[in-house]
Amino acid sequence: MANPDHGPAPIVGIREDFAELRGAFHRHARGQLVYAAEGVITVTTEVGLFVVPPQRAVWVRGGDRHKVDGAKRFQLATLYFDERRVRGLPASTSVLAVGPLLRELVHAAVDLPWTWRKGGREARLFAVVVDELSKVDAAPLHLPLPKDARVRRVCEALLKEPADDRGLEAFASIAKTSARHLARMFVAETGLSFGAWRQQLRLLRSLEMLGRGASALEVALDLGYGSGSSFGVMFKKALGTSPARYFHATG
C-alpha cells in the first residue's frame with residue numbers, strides 16, 4: 001500500500017477491512033480522520049485512550065504516536081490531511097461526532113484518486129469535508145493518561161482490572177505515596193479526580209464490550225457494578241441515554 005504521507009494531493013483517503021486489529025504504535029506526518037461505520041475501535045496515544053463507537057470518528061493530529069485496536073469485523077475509512085496546506089482542522093486528537101452529511105462525504109472522499117487538483121470536483125468535495133470537520137463537536141470519550149510514573153502505575157493497575165473498587169488509600173501503596181498526595185497528583189496529571197478517572201475508564205471499557213456484543217448486564221458485572229440498573233444510571237448520566245438506545249442511535 002502506498003504511503004499516504006507521500007500522497008501528491010493535500011488530502012488522500014484509504015479504505016481498509018479488518019476481521020480484527022491489534023495495531024502497533026506508529027505515527028503519520030499527516031493528520032488523520034479515522035472513521036468506522038460499524039464496530040468499536042480504540043485509539044491509544046501517549047497521552048490517552050480514545051474509544052470510537054459507530055458513527056463517531058477520531059481525529060489524530062499529525063505526528064502523534066498512536067495505535068488502533070478493534071476486536072470485531074469492521075471497515076476503516078481514513079482521510080489523511082496535510083496540515084501545512086489545509087486549514088481549519090481540529091487542534092488536538094479527539095473523538096468527533098459524525099452527522100449524516102459528514103458520513104456520506106467521508107465515504108465518497110476516501111475512494112477518490114490521490115492525484116486530484118485544485119478547481120475540480122474532488123477539490124470542491126474535500127472543501128466541504130474540511131468545512132464540516134471544522135463544525136463538529138468533540139465527544140467525551142477520552143481517557144487521559146498520566147506521565148508521572150507513580151500515577152501511571154495506579155492507572156495501569158486499573159486498566160488491567162477496571163472492576164477493582166478499592167479506595168485511594170489502597171492504591172497509594174502502589175504509587176508509594178500518601179493518599180492525599182496521590183489525589184493531588186491525579187488531578188494535576190489527568191485533570192480528573194481518582195474517582196472520576198476510574199468512572200471514565202469503566203465508561204470507555206463498557207463501550208468496547210457493548211461493541212463486541214456483550215449485554216448490559218454482562219458489562220455491569222464485569223466492571224464492578226452491583227446490577228444492570230446501576231450501570232445504566234452511570235451510562236445515561238455520562239452519555240445522555242441508555243446503552244441500547246446509544247448503540248441504536250449510532251449503529
# chains A, B, ... in the order shown; residues from 1 in each chain; ligands from 1

call {"tool": "closest_atom_pairs", "arguments": {"of": "segment 12-82 of chain A", "to": "segment 207-218 of chain A", "cutoff": "9 Å", "atoms": "only C-alpha atoms", "output": "Markdown table"}}
result
| residue | atom | partner | partner_atom | distance |
| --- | --- | --- | --- | --- |
| A:Glu38 | CA | A:Gly211 | CA | 8.7 |
| A:Gly39 | CA | A:Gly211 | CA | 5.7 |
| A:Val40 | CA | A:Gly211 | CA | 5.3 |
| A:Ile41 | CA | A:Glu208 | CA | 7.5 |
| A:Thr42 | CA | A:Glu208 | CA | 7.8 |
| A:Val51 | CA | A:Glu208 | CA | 7.3 |
| A:Val52 | CA | A:Leu207 | CA | 8.4 |
| A:Pro53 | CA | A:Leu207 | CA | 7.0 |
| A:Pro54 | CA | A:Gly211 | CA | 8.5 |
| A:Gly70 | CA | A:Glu208 | CA | 8.7 |
| A:Ala71 | CA | A:Arg212 | CA | 6.8 |
| A:Lys72 | CA | A:Arg212 | CA | 6.2 |

call {"tool": "closest_atom_pairs", "arguments": {"of": "segment 18-92 of chain A", "to": "segment 149-162 of chain A", "cutoff": "12 Å", "atoms": "only C-alpha atoms", "output": "tab-separated table"}}
result
residue	atom	partner	partner_atom	distance
A:Glu46	CA	A:Arg152	CA	11.6
A:Val47	CA	A:Arg152	CA	10.9
A:Gly48	CA	A:Cys155	CA	11.1
A:Leu49	CA	A:Leu159	CA	10.6

call {"tool": "write_last_selection", "arguments": {"atoms": "C-alpha atoms", "output": "JSON list (two decimals), in the first residue's frame"}}
result
[["chain", "number", "residue", "atom", "x", "y", "z"],
["A", 46, "GLU", "CA", 1.00, 8.52, 24.55],
["A", 47, "VAL", "CA", -1.38, 10.81, 26.44],
["A", 48, "GLY", "CA", -4.68, 8.95, 26.42],
["A", 49, "LEU", "CA", -7.21, 6.41, 25.19]]

call {"tool": "closest_residue", "arguments": {"among": "A:Thr115, A:Thr45, A:Ser92, A:Gln75", "to": "Ile11 of chain A", "atoms": "only C-alpha atoms"}}
result
A:Thr115

call {"tool": "residues_around", "arguments": {"residues": "Arg85 of chain A", "least_positions_apart": "4", "cutoff": "10 Å", "atoms": "only C-alpha atoms", "output": "ChimeraX atom specification"}}
result
/A:9-11,81

call {"tool": "select_by_dssp", "arguments": {"residues": "segment 110-201 of chain A", "states": "strand (DSSP E or B)", "output": "PDB file with N, CA and C atoms, in the first residue's frame"}}
result
ATOM      1  N   ALA A 138     -16.566  17.670  19.782  1.00  0.00           N
ATOM      2  CA  ALA A 138     -15.826  16.563  20.370  1.00  0.00           C
ATOM      3  C   ALA A 138     -16.742  15.779  21.300  1.00  0.00           C
ATOM      4  N   HIS A 142     -12.714  10.196  25.923  1.00  0.00           N
ATOM      5  CA  HIS A 142     -11.264  10.255  26.044  1.00  0.00           C
ATOM      6  C   HIS A 142     -10.874   9.957  27.484  1.00  0.00           C
ATOM      7  N   LEU A 143      -9.855   9.152  27.666  1.00  0.00           N
ATOM      8  CA  LEU A 143      -9.319   8.863  28.990  1.00  0.00           C
ATOM      9  C   LEU A 143      -7.870   9.336  29.033  1.00  0.00           C
ATOM     10  N   PRO A 144      -7.582  10.428  29.735  1.00  0.00           N
ATOM     11  CA  PRO A 144      -6.199  10.923  29.775  1.00  0.00           C
ATOM     12  C   PRO A 144      -5.284   9.989  30.559  1.00  0.00           C
TER      13      PRO A 144
END

call {"tool": "atom_distance", "arguments": {"atom1": "atom CA of Leu223 of chain A", "atom2": "atom CA of Phe235 of chain A"}}
result
12.2 Å

call {"tool": "atom_distance", "arguments": {"atom1": "atom CA of Val95 of chain A", "atom2": "atom CA of Asp165 of chain A"}}
result
27.6 Å

call {"tool": "atom_distance", "arguments": {"atom1": "atom CA of Ala19 of chain A", "atom2": "atom CA of Ala36 of chain A"}}
result
12.8 Å

call {"tool": "closest_residue", "arguments": {"among": "A:Gln200, A:Leu168, A:Pro140, A:Val219", "to": "Gly240 of chain A", "atoms": "only C-alpha atoms"}}
result
A:Pro140

call {"tool": "closest_residue", "arguments": {"among": "A:Val86, A:Gly63, A:Phe50, A:Ala77", "to": "Leu203 of chain A", "atoms": "only C-alpha atoms"}}
result
A:Phe50

call {"tool": "residues_around", "arguments": {"residues": "Gly195 of chain A", "least_positions_apart": "2", "cutoff": "10 Å", "atoms": "only C-alpha atoms", "output": "JSON, numbers by chain"}}
result
{"A": [165, 167, 168, 183, 186, 192, 193, 197, 198, 199, 200, 201]}

call {"tool": "closest_residue", "arguments": {"among": "A:Lys237, A:Lys67, A:Lys135, A:Lys118", "to": "Gly88 of chain A", "atoms": "only C-alpha atoms"}}
result
A:Lys135

call {"tool": "select_by_dssp", "arguments": {"residues": "segment 62-171 of chain A", "states": "alpha helix (DSSP H)", "output": "number ranges by chain"}}
result
A: 100-109, 121-133, 149-160, 168-171

call {"tool": "closest_residue", "arguments": {"among": "A:Ala238, A:Leu79, A:Ile14, A:Ala108", "to": "Trp59 of chain A", "atoms": "only C-alpha atoms"}}
result
A:Leu79
